[in-house]
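Okay, structure first, notes after.
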Amino acid sequence: MTAADLDAVVEIEQSIYPHPWTRSNFSDSLAAGYQCSIVECGGKIAGYSVVMIAPEEAHLLNLSIAPPWQRRGFGREVLDFVLRLARERGAHQVLLEVRPSNEVARALYAAAGFSEIARRRDYYPAGAGREDAVVLQLELR
Ligand SMILES: CC(C)(COP(=O)(O)OP(=O)(O)OC[C@H]1O[C@@H](n2cnc3c(N)ncnc32)[C@H](O)[C@@H]1OP(=O)(O)O)[C@@H](O)C(=O)NCCC(=O)NCCS
């Protein structure tokens, strides 16, 4: 992902989430040196990921597939890419947060071997209130 991709990325982000990341969230991630990647199909951005990789652990901050491209294996492919990247950079584990209500994402992560290690209370905005986050972990070996 580069700055030139941000218009398309932000458009996808807004089409998916009721509480989307802002353009600044993405440009700050690029500036911070996080691993920000896109997957393209037919010259169009089909999805993207943002990962913060520290020496010991990687934190998956965003994994999104544009609605027209969902359910075609891109999510799994991008997740596999992230896990490879984290392993190559020497991370021993991958962590991420997901909404308890996000059954599709939870199924994807469970199939990849992630398991729940904690809950963060009132982590996400949700309508007028808040929703907890499930913290998932995968040990890399
Ligand atoms: C979650 C998301 C990344 C999955 O990407 P995808 O490309 O649609 O998923 P894939 O086609 O690679 O499917 C991978 C697995 O996800 C699960 N899955 C995907 N779509 C599903 C659906 N509609 N219902 C139930 N499970 C589903 C299944 O476990 C699937 O494996 P299977 O095909 O062997 O059953 C994508 O739907 C998305 O961007 N959703 C909105 C944003 C989001 O929730 N991101 C994650 C935030 S933590």
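Identifiers in this document derive from the order of the structure tokens: chains are assigned A, B, ..., residues are numbered from 1 separately in each chain, and ligands are numbered from 1 in order of occurrence.
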
Find the spatial neighbours of region 61-76 of chain A, counting only C-alpha atoms, within a cut-off of 9 Å - ignore same-chain residues fewer than 4 positions away - and output them as a PDB file with C-alpha atoms, in the first residue's frame.
ATOM      1  CA  ILE A  12     -13.608   0.339   0.625  1.00  0.00           C
ATOM      2  CA  GLU A  13     -13.184   0.905   4.361  1.00  0.00           C
ATOM      3  CA  SER A  15     -18.293   0.727   2.439  1.00  0.00           C
ATOM      4  CA  ILE A  16     -17.608  -2.046   4.971  1.00  0.00           C
ATOM      5  CA  TRP A  21     -10.718   3.794   9.976  1.00  0.00           C
ATOM      6  CA  VAL A  39      -4.325  -7.325  -2.846  1.00  0.00           C
ATOM      7  CA  CYS A  41      -7.597  -8.179  -8.865  1.00  0.00           C
ATOM      8  CA  ILE A  45      -7.860  -3.110  -5.013  1.00  0.00           C
ATOM      9  CA  ALA A  46      -9.788  -6.094  -3.671  1.00  0.00           C
ATOM     10  CA  GLY A  47      -8.566  -5.849  -0.083  1.00  0.00           C
ATOM     11  CA  TYR A  48      -5.838  -4.807   2.292  1.00  0.00           C
ATOM     12  CA  SER A  49      -4.107  -5.498   5.567  1.00  0.00           C
ATOM     13  CA  VAL A  50      -2.228  -3.447   8.150  1.00  0.00           C
ATOM     14  CA  VAL A  51       0.143  -5.224  10.525  1.00  0.00           C
ATOM     15  CA  MET A  52       2.462  -3.885  13.196  1.00  0.00           C
ATOM     16  CA  ASP A  80      -1.781 -16.367   5.052  1.00  0.00           C
ATOM     17  CA  PHE A  81       0.380 -13.581   3.626  1.00  0.00           C
ATOM     18  CA  LEU A  95      -2.479 -10.984  18.038  1.00  0.00           C
ATOM     19  CA  LEU A  96      -5.649  -9.278  16.845  1.00  0.00           C
ATOM     20  CA  GLU A  97      -8.955  -7.920  18.111  1.00  0.00           C
ATOM     21  CA  ALA A 105     -14.062 -12.997  10.589  1.00  0.00           C
ATOM     22  CA  LEU A 108     -11.705 -17.200   9.223  1.00  0.00           C
ATOM     23  CA  TYR A 109      -9.379 -16.764  12.218  1.00  0.00           C
ATOM     24  CA  ALA A 112      -6.285 -20.434  10.694  1.00  0.00           C
TER      25      ALA A 112
END

_Taking the DSSP secondary structure from the backbone, can you list the residues of region 31-74 of chain A that are strand (DSSP E), as a ChimeraX atom specification?_
/A:35-41,44-53,57-65

_Selection: 8 Å around Ser115 (chain A), only C-alpha atoms, excl. self and same-chain fewer than 4 positions, as a VMD selection string_ = chain A and resid 110 136 to 138

_Pick from A:Asn25, A:Ile53, A:Phe114, A:Tyr17, whichever lies nearest to Asn102 (chain A) using only C-alpha atoms_ =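 Among the listed residues, A:Tyr17 lies closest to Asn102 (chain A).
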
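Within the 10 Å cut-off around Arg141 (chain A), using only C-alpha atoms and omitting residues fewer than 4 positions from it on the same chain, the listed residues are Arg87, Gly90, Ala91, His92 and Gln93 of chain A.
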
Emit the selected residues as a PDB file, in the first residue's frame, including N, CA, C and O atoms.
ATOM      1  N   ARG A  87       6.141 -14.392  10.416  1.00  0.00           N
ATOM      2  CA  ARG A  87       7.116 -15.463  10.671  1.00  0.00           C
ATOM      3  C   ARG A  87       8.493 -15.061  10.156  1.00  0.00           C
ATOM      4  O   ARG A  87       9.494 -15.188  10.854  1.00  0.00           O
ATOM      5  N   GLY A  90      10.395 -12.802  12.276  1.00  0.00           N
ATOM      6  CA  GLY A  90      10.811 -13.322  13.579  1.00  0.00           C
ATOM      7  C   GLY A  90       9.781 -13.228  14.683  1.00  0.00           C
ATOM      8  O   GLY A  90      10.107 -13.467  15.853  1.00  0.00           O
ATOM      9  N   ALA A  91       8.529 -12.863  14.358  1.00  0.00           N
ATOM     10  CA  ALA A  91       7.502 -12.808  15.406  1.00  0.00           C
ATOM     11  C   ALA A  91       7.177 -14.228  15.884  1.00  0.00           C
ATOM     12  O   ALA A  91       7.190 -15.171  15.098  1.00  0.00           O
ATOM     13  N   HIS A  92       6.914 -14.346  17.189  1.00  0.00           N
ATOM     14  CA  HIS A  92       6.564 -15.658  17.748  1.00  0.00           C
ATOM     15  C   HIS A  92       5.062 -15.841  17.861  1.00  0.00           C
ATOM     16  O   HIS A  92       4.582 -16.947  18.039  1.00  0.00           O
ATOM     17  N   GLN A  93       4.349 -14.729  17.805  1.00  0.00           N
ATOM     18  CA  GLN A  93       2.893 -14.840  17.900  1.00  0.00           C
ATOM     19  C   GLN A  93       2.233 -13.689  17.141  1.00  0.00           C
ATOM     20  O   GLN A  93       2.855 -12.649  16.906  1.00  0.00           O
TER      21      GLN A  93
END

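The coordinates place atom 34 (O, counted along the ligand's line) of ligand 1 at 28.4 Å from CA of Tyr123 (chain A).
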
*Quick one: residues within 10 Å of Arg120 (chain A), only C-alpha atoms counted, chain neighbours fewer than 4 positions away excluded, as a PyMOL selection string?*
chain A and resi 97-99+124+131-135

*DSSP says alpha helix (DSSP H) for which residues of chain A? Put them as a ChimeraX atom specification?*
/A:6-16,23-31,74-88,103-111

*Pairwise distance for CA of Gly33 (chain A) and CA of Val10 (chain A), rounded to one decimal in Å*: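 These two atoms are separated by 18.5 Å.
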
*CA of Arg130 (chain A) to CA of His19 (chain A): how many Å, to one decimal?*
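Calculated distance between CA of Arg130 (chain A) and CA of His19 (chain A) is 11.3 Å.
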